[in-house]
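Trainee: After the structure tokens below, expect a handful of questions from me.
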Amino acid sequence: MAKLLITGGAGFIGSHTCLVLLEAGHSLVVLDNFDNSSPESLRRVQELAGPAAADALKVIKGDVRSSSDLERALAGGCDAVVHFAGLKAVGESVAKPLLYWDVNVSGSRELLAAMRACGCRTIVFSSSATLYGLPEVVPICETAPIKPINPYGQTKAAVEQMLADIATSEAGWRIACLRYFNPVGAHPSGRLGEDPNGIPNNLFPFVSQVAVGRRSRLSVFGGDWPTPDGSGVRDYIHVMDLAEGHRAAVDVLLAEDPQLLTLNLGSGQGHSVLEVVAAFEAASGQAVPYEVVARRPGDAASSVADPSLAAQRLRWRTQRGLSEMCRDGWAWQSANPQGYAS
Ligand code: WQD
């Protein structure tokens with residue numbers, strides 16, 4: 001199997017992907033600065049992966065913006081990189097654009113330069129549906145216009161452009177840009193999950209924290225959207241399905257000729273905010289009180305993926321529905337009310 005560098009591997013999607021990659025037999029080096037994650041997540045990944053993977057996970061505390069840290073992480077070479085390290089809060093990106101351009105774009109540039117220096121030209125990049133901005137057509141396919149409306153989305157579009165440029169300039173690059181829709185849920189063991197710092201920006205962790213009693217009430221951003229029940233519709237994808245999509249992307253890149261793949265990773269199924277609330281209450285047995293308030297600036301009524309290209313190129317589709325996302329998300333939150341600090 002392959003030797004992989006996983007940047008940001010201690011994070012929500014990174015940790016779940018590390019577990020799936022270990023279970024597939026790969027050996028991993030994780031580079032993470034732990035600014036937005038906890039080393040505890042990787043201790044639990046090792047626990048879940050079991051004795052067969054005892055020597056297959058090496059963790060390096062460091063930053064993708066540091067060429068010396070990258071050199072340490074790539075020492076001994078690697079067959080491919082899965083690049084999660086980055087900042088992802090839309091609101092924060094508006095308040096701190098230079099930080100987002102530094103971490104997300106300069107960090108990616110440093111990584112690519114370090115990869116070239118050690119002869120590794122295979123990368124899976126953690127991109128985002130946020131770069132579509134306010135979609136004109138739903139479901140959204142990969143040829144939809146790229147028109148991000150916040151610095152976070154701009155940085156994702158910029159890194160995708162950087163990757164396209166390097167693929168054009170040099171032979172041998174094998175690249176997959178994976179555009180995530182709305183990753184939610186947790187590993188079914190309840191040992192791994194989403195652990196945002198501070199007040200959650202995203203719906204699912206906020207609902208989860210209301211259910212466990214950390215928050216008193218959910219604010220539903222808008223009840224007058226042109227959707228079946230008036231609340232916003234999104235394409236939620238179970239984080240385990242997302243992790244398996246990354247494993248499939250690594251396998252395809254390593255098996256096939258150099259190429260640049262750009263793929264939506266979503267379910268193709270939309271669910272409204274109120275549907276998520278009801279599903280989470282059913283899964284947790286806990287009430288999730290809410291109040292409908294004004295729309296959040298920059299929100300779209302609906303954002304749902306056309307997942308057919310990923311199905312065709314990766315032979316991968318989501319397997320888990322909203323009830324599993326809520327069941328597993330509650331397993332995590334109820335066992336870890338304060339996240340990894342519990
Ligand atoms: C979902 C729906 C809100 C919070 C984000 C970002 C980015 C991306 C994940 C990676 C919307 C509504 C939300 C709340 C609410 N990650 N909502 N009350 O906005 O689709 O995009 O997706 O790239 O983080 O782009 O996700 O979870 O913030 O919102 O009513 O307290 O829930 O209006 O309809 P979003 P979200």
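Chain identifiers are assigned as A, B, and so on, following the order in which chains appear in the structure tokens; residues are numbered from 1 within each chain, and ligands are numbered from 1 in order of appearance.
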So which residues touch range 145-150 of chain A within 12 Å, counting only C-alpha atoms, skipping near sequence neighbours fewer than 4 positions away, as a VMD selection string?

Mentor: chain A and resid 88 to 97 100 to 101 128 to 137 140 to 141 154 to 158 160 to 161 179 297 to 300

Trainee: List all protein, DNA and RNA residues that have an atom no more than 7 Å from any atom of ligand 1, counting only C-alpha atoms and all ligand atoms, and report them as a ChimeraX atom specification.

Mentor: /A:88-90,127-130,180-183,201-204,206,218-222,231-234,273,295-296,299,301

Trainee: Write the selection just made, keeping N, CA, C and O atoms, as a compact mmCIF listing (two decimals), in the first residue's frame?

Mentor:
```txt
# COMPACT_ATOMS: atom_id res chain seq x y z
N LYS A 88 -11.68 27.37 7.55
CA LYS A 88 -12.92 27.10 6.79
C LYS A 88 -14.15 27.83 7.33
O LYS A 88 -15.28 27.46 6.99
N ALA A 89 -13.98 28.85 8.13
CA ALA A 89 -15.16 29.55 8.65
C ALA A 89 -15.46 30.77 7.78
O ALA A 89 -14.64 31.70 7.71
N VAL A 90 -16.61 30.76 7.14
CA VAL A 90 -16.96 31.84 6.20
C VAL A 90 -16.90 33.20 6.89
O VAL A 90 -16.24 34.13 6.42
N SER A 127 -11.29 20.81 -1.32
CA SER A 127 -11.93 22.01 -1.81
C SER A 127 -13.35 22.08 -1.26
O SER A 127 -13.70 21.36 -0.33
N SER A 128 -14.16 22.99 -1.81
CA SER A 128 -15.46 23.24 -1.17
C SER A 128 -16.47 23.75 -2.18
O SER A 128 -16.13 24.51 -3.08
N ALA A 129 -17.70 23.37 -1.98
CA ALA A 129 -18.80 23.88 -2.81
C ALA A 129 -19.02 25.36 -2.59
O ALA A 129 -19.74 26.02 -3.34
N THR A 130 -18.38 25.90 -1.54
CA THR A 130 -18.52 27.33 -1.28
C THR A 130 -18.03 28.17 -2.45
O THR A 130 -18.46 29.29 -2.65
N TYR A 180 -16.40 19.63 -1.35
CA TYR A 180 -17.33 19.10 -0.35
C TYR A 180 -18.59 19.95 -0.30
O TYR A 180 -18.50 21.19 -0.34
N PHE A 181 -19.73 19.31 -0.13
CA PHE A 181 -20.94 20.07 0.17
C PHE A 181 -21.01 20.26 1.68
O PHE A 181 -20.12 20.95 2.23
N ASN A 182 -21.91 19.62 2.41
CA ASN A 182 -21.96 19.92 3.85
C ASN A 182 -21.63 18.69 4.68
O ASN A 182 -22.52 17.90 5.01
N PRO A 183 -20.38 18.53 5.07
CA PRO A 183 -19.96 17.35 5.84
C PRO A 183 -20.51 17.40 7.27
O PRO A 183 -20.35 18.43 7.96
N ASN A 201 -20.34 27.85 13.71
CA ASN A 201 -20.91 28.61 12.59
C ASN A 201 -21.93 27.76 11.85
O ASN A 201 -22.88 28.26 11.26
N ASN A 202 -21.68 26.44 11.84
CA ASN A 202 -22.47 25.55 10.98
C ASN A 202 -23.66 24.95 11.73
O ASN A 202 -23.65 24.79 12.95
N LEU A 203 -24.67 24.59 10.94
CA LEU A 203 -25.93 24.12 11.51
C LEU A 203 -25.77 22.88 12.38
O LEU A 203 -26.23 22.84 13.53
N PHE A 204 -25.13 21.86 11.82
CA PHE A 204 -25.16 20.56 12.48
C PHE A 204 -24.52 20.57 13.87
O PHE A 204 -25.13 20.10 14.84
N PHE A 206 -24.20 23.06 15.79
CA PHE A 206 -25.02 23.91 16.66
C PHE A 206 -26.23 23.13 17.17
O PHE A 206 -26.51 23.08 18.38
N LEU A 218 -31.64 27.09 18.91
CA LEU A 218 -31.11 27.30 17.56
C LEU A 218 -31.81 28.49 16.92
O LEU A 218 -33.04 28.62 17.04
N SER A 219 -31.05 29.33 16.24
CA SER A 219 -31.64 30.37 15.40
C SER A 219 -31.70 29.83 13.98
O SER A 219 -30.66 29.43 13.43
N VAL A 220 -32.90 29.77 13.43
CA VAL A 220 -33.06 29.31 12.05
C VAL A 220 -33.00 30.54 11.15
O VAL A 220 -33.84 31.45 11.25
N PHE A 221 -31.97 30.58 10.28
CA PHE A 221 -31.72 31.79 9.49
C PHE A 221 -32.66 31.86 8.29
O PHE A 221 -32.32 31.50 7.17
N GLY A 222 -33.86 32.33 8.56
CA GLY A 222 -34.81 32.54 7.47
C GLY A 222 -35.86 31.45 7.40
O GLY A 222 -35.52 30.27 7.35
N SER A 231 -37.30 26.95 4.98
CA SER A 231 -35.94 27.05 5.55
C SER A 231 -34.92 26.58 4.52
O SER A 231 -35.26 25.86 3.57
N GLY A 232 -33.68 26.95 4.74
CA GLY A 232 -32.62 26.69 3.76
C GLY A 232 -32.38 25.20 3.53
O GLY A 232 -32.48 24.41 4.47
N VAL A 233 -32.07 24.87 2.27
CA VAL A 233 -31.83 23.47 1.88
C VAL A 233 -30.36 23.29 1.53
O VAL A 233 -29.78 24.09 0.79
N ARG A 234 -29.76 22.20 2.08
CA ARG A 234 -28.37 21.89 1.80
C ARG A 234 -28.19 20.40 1.53
O ARG A 234 -29.05 19.60 1.89
N VAL A 273 -33.32 22.98 6.89
CA VAL A 273 -32.93 23.17 8.28
C VAL A 273 -33.94 22.49 9.21
O VAL A 273 -33.57 21.76 10.12
N ARG A 295 -32.70 36.08 7.69
CA ARG A 295 -31.73 35.34 6.86
C ARG A 295 -30.30 35.78 7.20
O ARG A 295 -30.07 36.92 7.61
N ARG A 296 -29.35 34.88 7.03
CA ARG A 296 -27.93 35.21 7.23
C ARG A 296 -27.37 35.76 5.92
O ARG A 296 -27.56 35.16 4.87
N ASP A 299 -26.16 33.78 2.41
CA ASP A 299 -26.75 32.45 2.28
C ASP A 299 -27.49 32.30 0.96
O ASP A 299 -28.03 33.27 0.43
N ALA A 301 -30.66 29.96 -0.96
CA ALA A 301 -31.85 29.19 -0.57
C ALA A 301 -31.52 27.71 -0.56
O ALA A 301 -31.84 26.99 0.39
```

Trainee: Looking at only C-alpha atoms, which of A:Gly62, A:Gly107, A:Pro196, A:Pro139 is the one that sits closest to Ile13 in chain A?

Mentor: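 Smallest separation from Ile13 in chain A among the options: A:Pro196.
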
Trainee: Near Gly245 in chain A, counting only C-alpha atoms, which residues have an atom at most 12 Å away, once you skip same-chain residues fewer than 3 positions from it, shown as a PyMOL selection string?

Mentor: chain A and resi 13+16-17+20-21+82+124+126+176-180+183+237-242+248-252+263-267+307+310-311+313-319

Trainee: Please produce a file of the residues just selected, as a compact mmCIF listing (two decimals), in the first residue's frame, where the atoms kept are N, CA and C atoms.

Mentor:
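Output saved as part-v1.txt:
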```txt
# COMPACT_ATOMS: atom_id res chain seq x y z
N ILE A 13 -12.68 16.28 9.26
CA ILE A 13 -12.68 15.38 8.10
C ILE A 13 -11.36 14.63 8.01
N HIS A 16 -11.27 11.45 10.37
CA HIS A 16 -12.09 10.34 9.85
C HIS A 16 -11.45 9.72 8.61
N THR A 17 -10.84 10.56 7.78
CA THR A 17 -10.17 10.04 6.58
C THR A 17 -8.92 9.25 6.95
N VAL A 20 -9.99 5.74 7.85
CA VAL A 20 -10.35 4.95 6.66
C VAL A 20 -9.11 4.56 5.87
N LEU A 21 -8.14 5.45 5.77
CA LEU A 21 -6.91 5.15 5.01
C LEU A 21 -6.05 4.12 5.74
N VAL A 82 -2.70 14.10 0.95
CA VAL A 82 -4.09 14.52 1.09
C VAL A 82 -4.05 15.81 1.91
N VAL A 124 -4.51 15.04 -3.32
CA VAL A 124 -5.96 15.18 -3.17
C VAL A 124 -6.18 16.46 -2.37
N SER A 126 -8.59 19.30 -0.50
CA SER A 126 -9.86 19.54 0.20
C SER A 126 -10.44 20.87 -0.27
N ALA A 176 -6.58 15.62 -7.58
CA ALA A 176 -8.05 15.55 -7.41
C ALA A 176 -8.47 16.68 -6.49
N CYS A 177 -9.30 17.58 -7.02
CA CYS A 177 -9.91 18.64 -6.21
C CYS A 177 -11.30 18.15 -5.81
N LEU A 178 -11.51 17.92 -4.52
CA LEU A 178 -12.79 17.39 -4.05
C LEU A 178 -13.59 18.52 -3.42
N ARG A 179 -14.71 18.88 -4.04
CA ARG A 179 -15.55 19.99 -3.59
C ARG A 179 -16.63 19.44 -2.67
N TYR A 180 -16.40 19.63 -1.35
CA TYR A 180 -17.33 19.10 -0.35
C TYR A 180 -18.59 19.95 -0.30
N PRO A 183 -20.38 18.53 5.07
CA PRO A 183 -19.96 17.35 5.84
C PRO A 183 -20.51 17.40 7.27
N ILE A 237 -23.58 15.53 3.81
CA ILE A 237 -22.90 14.28 3.49
C ILE A 237 -22.26 13.74 4.75
N HIS A 238 -22.50 12.46 5.04
CA HIS A 238 -21.94 11.84 6.23
C HIS A 238 -20.41 11.85 6.12
N VAL A 239 -19.75 12.22 7.21
CA VAL A 239 -18.29 12.36 7.16
C VAL A 239 -17.61 11.02 6.83
N MET A 240 -18.26 9.90 7.18
CA MET A 240 -17.67 8.60 6.79
C MET A 240 -17.78 8.38 5.29
N ASP A 241 -18.87 8.82 4.68
CA ASP A 241 -18.96 8.74 3.21
C ASP A 241 -17.88 9.61 2.58
N LEU A 242 -17.67 10.79 3.16
CA LEU A 242 -16.67 11.71 2.64
C LEU A 242 -15.27 11.08 2.76
N ALA A 248 -11.14 6.56 -2.17
CA ALA A 248 -11.36 6.23 -3.59
C ALA A 248 -10.53 7.15 -4.48
N ALA A 249 -10.44 8.42 -4.12
CA ALA A 249 -9.67 9.38 -4.93
C ALA A 249 -8.19 9.03 -4.90
N VAL A 250 -7.67 8.69 -3.73
CA VAL A 250 -6.25 8.27 -3.63
C VAL A 250 -6.01 7.04 -4.50
N ASP A 251 -6.88 6.07 -4.42
CA ASP A 251 -6.73 4.83 -5.20
C ASP A 251 -6.73 5.12 -6.70
N VAL A 252 -7.66 5.97 -7.16
CA VAL A 252 -7.76 6.28 -8.59
C VAL A 252 -6.52 7.03 -9.06
N LEU A 263 -14.16 17.17 -8.63
CA LEU A 263 -15.36 16.39 -8.35
C LEU A 263 -16.16 16.97 -7.19
N ASN A 264 -17.47 17.01 -7.35
CA ASN A 264 -18.38 17.33 -6.23
C ASN A 264 -18.52 16.10 -5.35
N LEU A 265 -18.35 16.28 -4.03
CA LEU A 265 -18.65 15.18 -3.12
C LEU A 265 -19.88 15.58 -2.30
N GLY A 266 -20.99 15.04 -2.71
CA GLY A 266 -22.27 15.29 -2.05
C GLY A 266 -23.17 14.09 -2.27
N SER A 267 -24.37 14.18 -1.70
CA SER A 267 -25.30 13.04 -1.82
C SER A 267 -26.24 13.20 -3.01
N PRO A 307 -23.96 14.59 -8.05
CA PRO A 307 -22.81 13.76 -7.68
C PRO A 307 -22.41 12.75 -8.75
N ALA A 310 -18.49 12.12 -9.76
CA ALA A 310 -17.73 11.35 -8.76
C ALA A 310 -18.13 9.88 -8.82
N ALA A 311 -19.40 9.61 -9.03
CA ALA A 311 -19.87 8.22 -9.13
C ALA A 311 -19.19 7.53 -10.30
N ARG A 313 -16.27 8.58 -11.96
CA ARG A 313 -14.80 8.55 -11.97
C ARG A 313 -14.20 7.81 -10.79
N LEU A 314 -14.91 7.88 -9.63
CA LEU A 314 -14.38 7.22 -8.43
C LEU A 314 -15.11 5.92 -8.13
N ARG A 315 -16.22 5.66 -8.84
CA ARG A 315 -17.07 4.51 -8.50
C ARG A 315 -17.42 4.57 -7.00
N TRP A 316 -17.85 5.77 -6.61
CA TRP A 316 -18.16 6.08 -5.21
C TRP A 316 -19.47 6.86 -5.17
N ARG A 317 -20.33 6.48 -4.23
CA ARG A 317 -21.54 7.25 -3.94
C ARG A 317 -21.75 7.25 -2.42
N THR A 318 -22.50 8.23 -1.92
CA THR A 318 -22.81 8.22 -0.49
C THR A 318 -23.70 7.01 -0.17
N GLN A 319 -23.50 6.44 1.01
CA GLN A 319 -24.25 5.26 1.43
C GLN A 319 -25.15 5.55 2.63
```

Trainee: Pick out each residue of range 71-275 of chain A that DSSP on the backbone tags as alpha helix (DSSP H); I need them as a compact mmCIF listing (two decimals) with N, CA and C atoms, in the first residue's frame.

Mentor:
```txt
# COMPACT_ATOMS: atom_id res chain seq x y z
N GLU A 71 9.49 19.86 5.08
CA GLU A 71 10.64 19.00 4.77
C GLU A 71 10.70 17.82 5.73
N ARG A 72 10.44 18.10 7.01
CA ARG A 72 10.42 17.01 8.01
C ARG A 72 9.32 16.01 7.68
N ALA A 73 8.13 16.54 7.33
CA ALA A 73 6.98 15.68 7.08
C ALA A 73 7.16 14.83 5.82
N LEU A 74 7.91 15.36 4.86
CA LEU A 74 8.10 14.65 3.59
C LEU A 74 9.41 13.85 3.55
N VAL A 90 -16.61 30.76 7.14
CA VAL A 90 -16.96 31.84 6.20
C VAL A 90 -16.90 33.20 6.89
N GLY A 91 -17.57 33.30 8.03
CA GLY A 91 -17.63 34.60 8.72
C GLY A 91 -16.26 35.10 9.13
N GLU A 92 -15.43 34.16 9.63
CA GLU A 92 -14.07 34.55 10.05
C GLU A 92 -13.25 35.02 8.86
N SER A 93 -13.50 34.38 7.69
CA SER A 93 -12.73 34.76 6.50
C SER A 93 -13.05 36.19 6.07
N VAL A 94 -14.27 36.63 6.33
CA VAL A 94 -14.64 38.02 5.99
C VAL A 94 -13.92 38.99 6.93
N ALA A 95 -13.81 38.56 8.20
CA ALA A 95 -13.17 39.44 9.21
C ALA A 95 -11.65 39.42 9.10
N PRO A 97 -9.36 38.31 6.19
CA PRO A 97 -9.02 37.77 4.85
C PRO A 97 -7.54 37.45 4.69
N LEU A 98 -6.67 38.28 5.26
CA LEU A 98 -5.23 38.02 5.04
C LEU A 98 -4.81 36.71 5.70
N LEU A 99 -5.41 36.42 6.86
CA LEU A 99 -5.10 35.14 7.52
C LEU A 99 -5.50 33.98 6.61
N TYR A 100 -6.68 34.09 5.99
CA TYR A 100 -7.16 33.01 5.10
C TYR A 100 -6.29 32.88 3.86
N GLY A 107 -0.02 28.55 2.26
CA GLY A 107 0.27 27.20 2.78
C GLY A 107 0.25 26.17 1.68
N SER A 108 -0.73 26.28 0.78
CA SER A 108 -0.81 25.32 -0.33
C SER A 108 0.37 25.50 -1.29
N ARG A 109 0.78 26.74 -1.50
CA ARG A 109 1.93 26.97 -2.38
C ARG A 109 3.19 26.36 -1.80
N GLU A 110 3.39 26.55 -0.49
CA GLU A 110 4.57 25.96 0.17
C GLU A 110 4.54 24.44 0.04
N LEU A 111 3.34 23.89 0.24
CA LEU A 111 3.21 22.42 0.16
C LEU A 111 3.58 21.92 -1.23
N LEU A 112 3.06 22.57 -2.26
CA LEU A 112 3.34 22.13 -3.63
C LEU A 112 4.83 22.25 -3.95
N ALA A 113 5.44 23.31 -3.48
CA ALA A 113 6.89 23.48 -3.72
C ALA A 113 7.68 22.37 -3.02
N ALA A 114 7.27 22.02 -1.81
CA ALA A 114 7.96 20.95 -1.06
C ALA A 114 7.73 19.60 -1.73
N MET A 115 6.52 19.40 -2.26
CA MET A 115 6.23 18.14 -2.96
C MET A 115 7.12 18.00 -4.20
N ARG A 116 7.21 19.07 -4.96
CA ARG A 116 8.05 19.04 -6.17
C ARG A 116 9.49 18.70 -5.79
N ALA A 117 9.96 19.32 -4.68
CA ALA A 117 11.36 19.13 -4.27
C ALA A 117 11.65 17.68 -3.92
N PRO A 151 -14.13 35.49 1.24
CA PRO A 151 -12.69 35.17 1.12
C PRO A 151 -12.40 33.67 1.26
N TYR A 152 -13.17 32.99 2.09
CA TYR A 152 -12.95 31.53 2.24
C TYR A 152 -13.11 30.85 0.88
N GLY A 153 -14.23 31.14 0.21
CA GLY A 153 -14.46 30.54 -1.10
C GLY A 153 -13.44 30.99 -2.13
N GLN A 154 -13.03 32.25 -2.02
CA GLN A 154 -12.01 32.77 -2.95
C GLN A 154 -10.70 31.98 -2.81
N THR A 155 -10.32 31.69 -1.56
CA THR A 155 -9.05 30.96 -1.37
C THR A 155 -9.13 29.54 -1.92
N LYS A 156 -10.29 28.91 -1.82
CA LYS A 156 -10.43 27.57 -2.37
C LYS A 156 -10.34 27.62 -3.90
N ALA A 157 -10.95 28.63 -4.49
CA ALA A 157 -10.88 28.77 -5.95
C ALA A 157 -9.44 29.07 -6.38
N ALA A 158 -8.72 29.85 -5.57
CA ALA A 158 -7.34 30.21 -5.91
C ALA A 158 -6.43 28.98 -5.86
N VAL A 159 -6.60 28.13 -4.89
CA VAL A 159 -5.77 26.92 -4.81
C VAL A 159 -6.10 25.98 -5.96
N GLU A 160 -7.37 25.87 -6.31
CA GLU A 160 -7.72 25.04 -7.47
C GLU A 160 -7.04 25.58 -8.72
N GLN A 161 -6.98 26.90 -8.85
CA GLN A 161 -6.33 27.50 -10.02
C GLN A 161 -4.83 27.19 -10.00
N MET A 162 -4.22 27.27 -8.80
CA MET A 162 -2.79 26.97 -8.64
C MET A 162 -2.52 25.53 -9.10
N LEU A 163 -3.40 24.63 -8.70
CA LEU A 163 -3.24 23.22 -9.07
C LEU A 163 -3.40 23.03 -10.57
N ALA A 164 -4.35 23.73 -11.17
CA ALA A 164 -4.54 23.63 -12.63
C ALA A 164 -3.31 24.15 -13.35
N ASP A 165 -2.74 25.24 -12.84
CA ASP A 165 -1.56 25.81 -13.47
C ASP A 165 -0.36 24.86 -13.40
N ILE A 166 -0.18 24.23 -12.25
CA ILE A 166 0.99 23.34 -12.13
C ILE A 166 0.81 22.10 -12.98
N ALA A 167 -0.45 21.65 -13.10
CA ALA A 167 -0.73 20.47 -13.94
C ALA A 167 -0.46 20.79 -15.41
N THR A 168 -0.69 22.04 -15.79
CA THR A 168 -0.43 22.46 -17.17
C THR A 168 1.07 22.63 -17.42
N SER A 169 1.77 23.10 -16.40
CA SER A 169 3.19 23.48 -16.62
C SER A 169 4.14 22.29 -16.57
N LEU A 203 -24.67 24.59 10.94
CA LEU A 203 -25.93 24.12 11.51
C LEU A 203 -25.77 22.88 12.38
N PHE A 204 -25.13 21.86 11.82
CA PHE A 204 -25.16 20.56 12.48
C PHE A 204 -24.52 20.57 13.87
N PRO A 205 -23.32 21.11 14.02
CA PRO A 205 -22.75 21.15 15.37
C PRO A 205 -23.56 22.03 16.32
N PHE A 206 -24.20 23.06 15.79
CA PHE A 206 -25.02 23.91 16.66
C PHE A 206 -26.23 23.13 17.17
N VAL A 207 -26.91 22.43 16.24
CA VAL A 207 -28.06 21.60 16.64
C VAL A 207 -27.63 20.56 17.67
N SER A 208 -26.48 19.96 17.42
CA SER A 208 -25.95 18.92 18.30
C SER A 208 -25.68 19.48 19.69
N GLN A 209 -25.16 20.69 19.76
CA GLN A 209 -24.85 21.30 21.07
C GLN A 209 -26.12 21.75 21.79
N VAL A 210 -27.17 22.10 21.03
CA VAL A 210 -28.46 22.40 21.69
C VAL A 210 -29.00 21.11 22.29
N ALA A 211 -28.93 20.02 21.52
CA ALA A 211 -29.48 18.74 21.99
C ALA A 211 -28.79 18.27 23.27
N VAL A 239 -19.75 12.22 7.21
CA VAL A 239 -18.29 12.36 7.16
C VAL A 239 -17.61 11.02 6.83
N MET A 240 -18.26 9.90 7.18
CA MET A 240 -17.67 8.60 6.79
C MET A 240 -17.78 8.38 5.29
N ASP A 241 -18.87 8.82 4.68
CA ASP A 241 -18.96 8.74 3.21
C ASP A 241 -17.88 9.61 2.58
N LEU A 242 -17.67 10.79 3.16
CA LEU A 242 -16.67 11.71 2.64
C LEU A 242 -15.27 11.08 2.76
N ALA A 243 -15.01 10.48 3.89
CA ALA A 243 -13.69 9.83 4.10
C ALA A 243 -13.47 8.73 3.07
N GLU A 244 -14.53 7.96 2.81
CA GLU A 244 -14.42 6.88 1.81
C GLU A 244 -14.23 7.44 0.40
N GLY A 245 -14.79 8.63 0.16
CA GLY A 245 -14.57 9.29 -1.12
C GLY A 245 -13.11 9.67 -1.30
N HIS A 246 -12.45 10.06 -0.20
CA HIS A 246 -11.01 10.38 -0.28
C HIS A 246 -10.17 9.14 -0.54
N ARG A 247 -10.57 8.03 0.11
CA ARG A 247 -9.83 6.78 -0.14
C ARG A 247 -9.95 6.41 -1.62
N ALA A 248 -11.14 6.56 -2.17
CA ALA A 248 -11.36 6.23 -3.59
C ALA A 248 -10.53 7.15 -4.48
N ALA A 249 -10.44 8.42 -4.12
CA ALA A 249 -9.67 9.38 -4.93
C ALA A 249 -8.19 9.03 -4.90
N VAL A 250 -7.67 8.69 -3.73
CA VAL A 250 -6.25 8.27 -3.63
C VAL A 250 -6.01 7.04 -4.50
N ASP A 251 -6.88 6.07 -4.42
CA ASP A 251 -6.73 4.83 -5.20
C ASP A 251 -6.73 5.12 -6.70
N VAL A 252 -7.66 5.97 -7.16
CA VAL A 252 -7.76 6.28 -8.59
C VAL A 252 -6.52 7.03 -9.06
N LEU A 253 -6.07 8.03 -8.29
CA LEU A 253 -4.90 8.79 -8.72
C LEU A 253 -3.66 7.90 -8.81
N LEU A 254 -3.49 7.02 -7.83
CA LEU A 254 -2.29 6.18 -7.83
C LEU A 254 -2.35 5.12 -8.92
N ALA A 255 -3.56 4.77 -9.34
CA ALA A 255 -3.69 3.70 -10.33
C ALA A 255 -3.70 4.20 -11.77
N VAL A 273 -33.32 22.98 6.89
CA VAL A 273 -32.93 23.17 8.28
C VAL A 273 -33.94 22.49 9.21
N LEU A 274 -35.23 22.70 8.92
CA LEU A 274 -36.26 22.12 9.81
C LEU A 274 -36.28 20.60 9.73
N GLU A 275 -35.94 20.06 8.56
CA GLU A 275 -35.83 18.58 8.46
C GLU A 275 -34.67 18.08 9.30
```

Trainee: Using the chain letters and numbers from this document, which residues of range 190-323 of chain A does DSSP assign to strand (DSSP E), as a list in words?

Mentor: Leu218, Ser219, Val220, Phe221, Val233, Arg234, Tyr236, Ile237, His238, Leu260, Leu261, Thr262, Leu263, Asn264, Leu265, His271, Ser272, Tyr290, Glu291, Val292, Val293, Ser302 and Ser303 of chain A

Trainee: Using only C-alpha atoms, which residues of range 175-246 of chain A come within 9 Å of range 41-44 of chain A, and what is the closest atom pair for each, with the distance in Å to one decimal? Give it as CSV, sorted by chain and residue number.

Mentor:
```
residue,atom,partner,partner_atom,distance
A:Arg191,CA,A:Arg44,CA,6.7
A:Leu192,CA,A:Ser41,CA,6.5
A:Gly193,CA,A:Ser41,CA,8.4
```

Trainee: Got time to write the residues from that selection, N, CA, C and O atoms, as a PDB file, in the first residue's frame?

Mentor:
```pdb
ATOM      1  N   ARG A 191     -16.381   7.931  19.005  1.00  0.00           N
ATOM      2  CA  ARG A 191     -15.056   8.303  19.505  1.00  0.00           C
ATOM      3  C   ARG A 191     -14.428   9.464  18.706  1.00  0.00           C
ATOM      4  O   ARG A 191     -13.539  10.155  19.171  1.00  0.00           O
ATOM      5  N   LEU A 192     -14.910   9.660  17.485  1.00  0.00           N
ATOM      6  CA  LEU A 192     -14.439  10.770  16.636  1.00  0.00           C
ATOM      7  C   LEU A 192     -15.644  11.621  16.264  1.00  0.00           C
ATOM      8  O   LEU A 192     -16.760  11.091  16.118  1.00  0.00           O
ATOM      9  N   GLY A 193     -15.404  12.926  16.079  1.00  0.00           N
ATOM     10  CA  GLY A 193     -16.508  13.784  15.652  1.00  0.00           C
ATOM     11  C   GLY A 193     -16.050  15.203  15.417  1.00  0.00           C
ATOM     12  O   GLY A 193     -14.855  15.515  15.481  1.00  0.00           O
TER      13      GLY A 193
END
```

Trainee: With only C-alpha atoms as the basis for distance, which of A:Glu324, A:Pro39, A:Thr262, A:Gly76 is at the shortest distance from Ala144 in chain A?

Mentor: A:Thr262

Trainee: Within 10 Å of Lys61 in chain A, counting only C-alpha atoms, which residues qualify if same-chain residues fewer than 5 places away don't, as a ChimeraX atom specification?

Mentor: /A:8,30-34,39,69,73

Trainee: For those residues, write N, CA, C and O atoms to a file as a compact mmCIF listing (two decimals), in the first residue's frame.

Mentor:
```txt
# COMPACT_ATOMS: atom_id res chain seq x y z
N GLY A 8 -3.29 18.54 8.09
CA GLY A 8 -4.54 18.81 8.80
C GLY A 8 -5.27 17.54 9.19
O GLY A 8 -6.48 17.53 9.36
N VAL A 30 1.02 12.46 9.51
CA VAL A 30 0.09 13.58 9.67
C VAL A 30 0.88 14.81 10.10
O VAL A 30 1.68 14.76 11.04
N LEU A 31 0.67 15.91 9.38
CA LEU A 31 1.25 17.21 9.76
C LEU A 31 0.09 18.11 10.17
O LEU A 31 -0.83 18.35 9.38
N ASP A 32 0.11 18.55 11.43
CA ASP A 32 -0.98 19.40 11.92
C ASP A 32 -0.43 20.36 12.96
O ASP A 32 0.40 19.99 13.79
N ASN A 33 -0.88 21.64 12.92
CA ASN A 33 -0.39 22.60 13.93
C ASN A 33 -1.31 22.64 15.15
O ASN A 33 -1.05 23.36 16.11
N PHE A 34 -2.41 21.91 15.09
CA PHE A 34 -3.37 21.79 16.19
C PHE A 34 -3.98 23.14 16.59
O PHE A 34 -4.49 23.29 17.71
N PRO A 39 -4.71 16.80 19.35
CA PRO A 39 -3.98 15.54 19.18
C PRO A 39 -4.78 14.33 19.65
O PRO A 39 -4.55 13.21 19.19
N ASP A 69 9.09 22.56 8.32
CA ASP A 69 8.13 21.56 8.83
C ASP A 69 7.72 20.61 7.70
O ASP A 69 7.61 19.39 7.90
N ALA A 73 8.13 16.54 7.33
CA ALA A 73 6.98 15.68 7.08
C ALA A 73 7.16 14.83 5.82
O ALA A 73 6.65 13.72 5.73
```
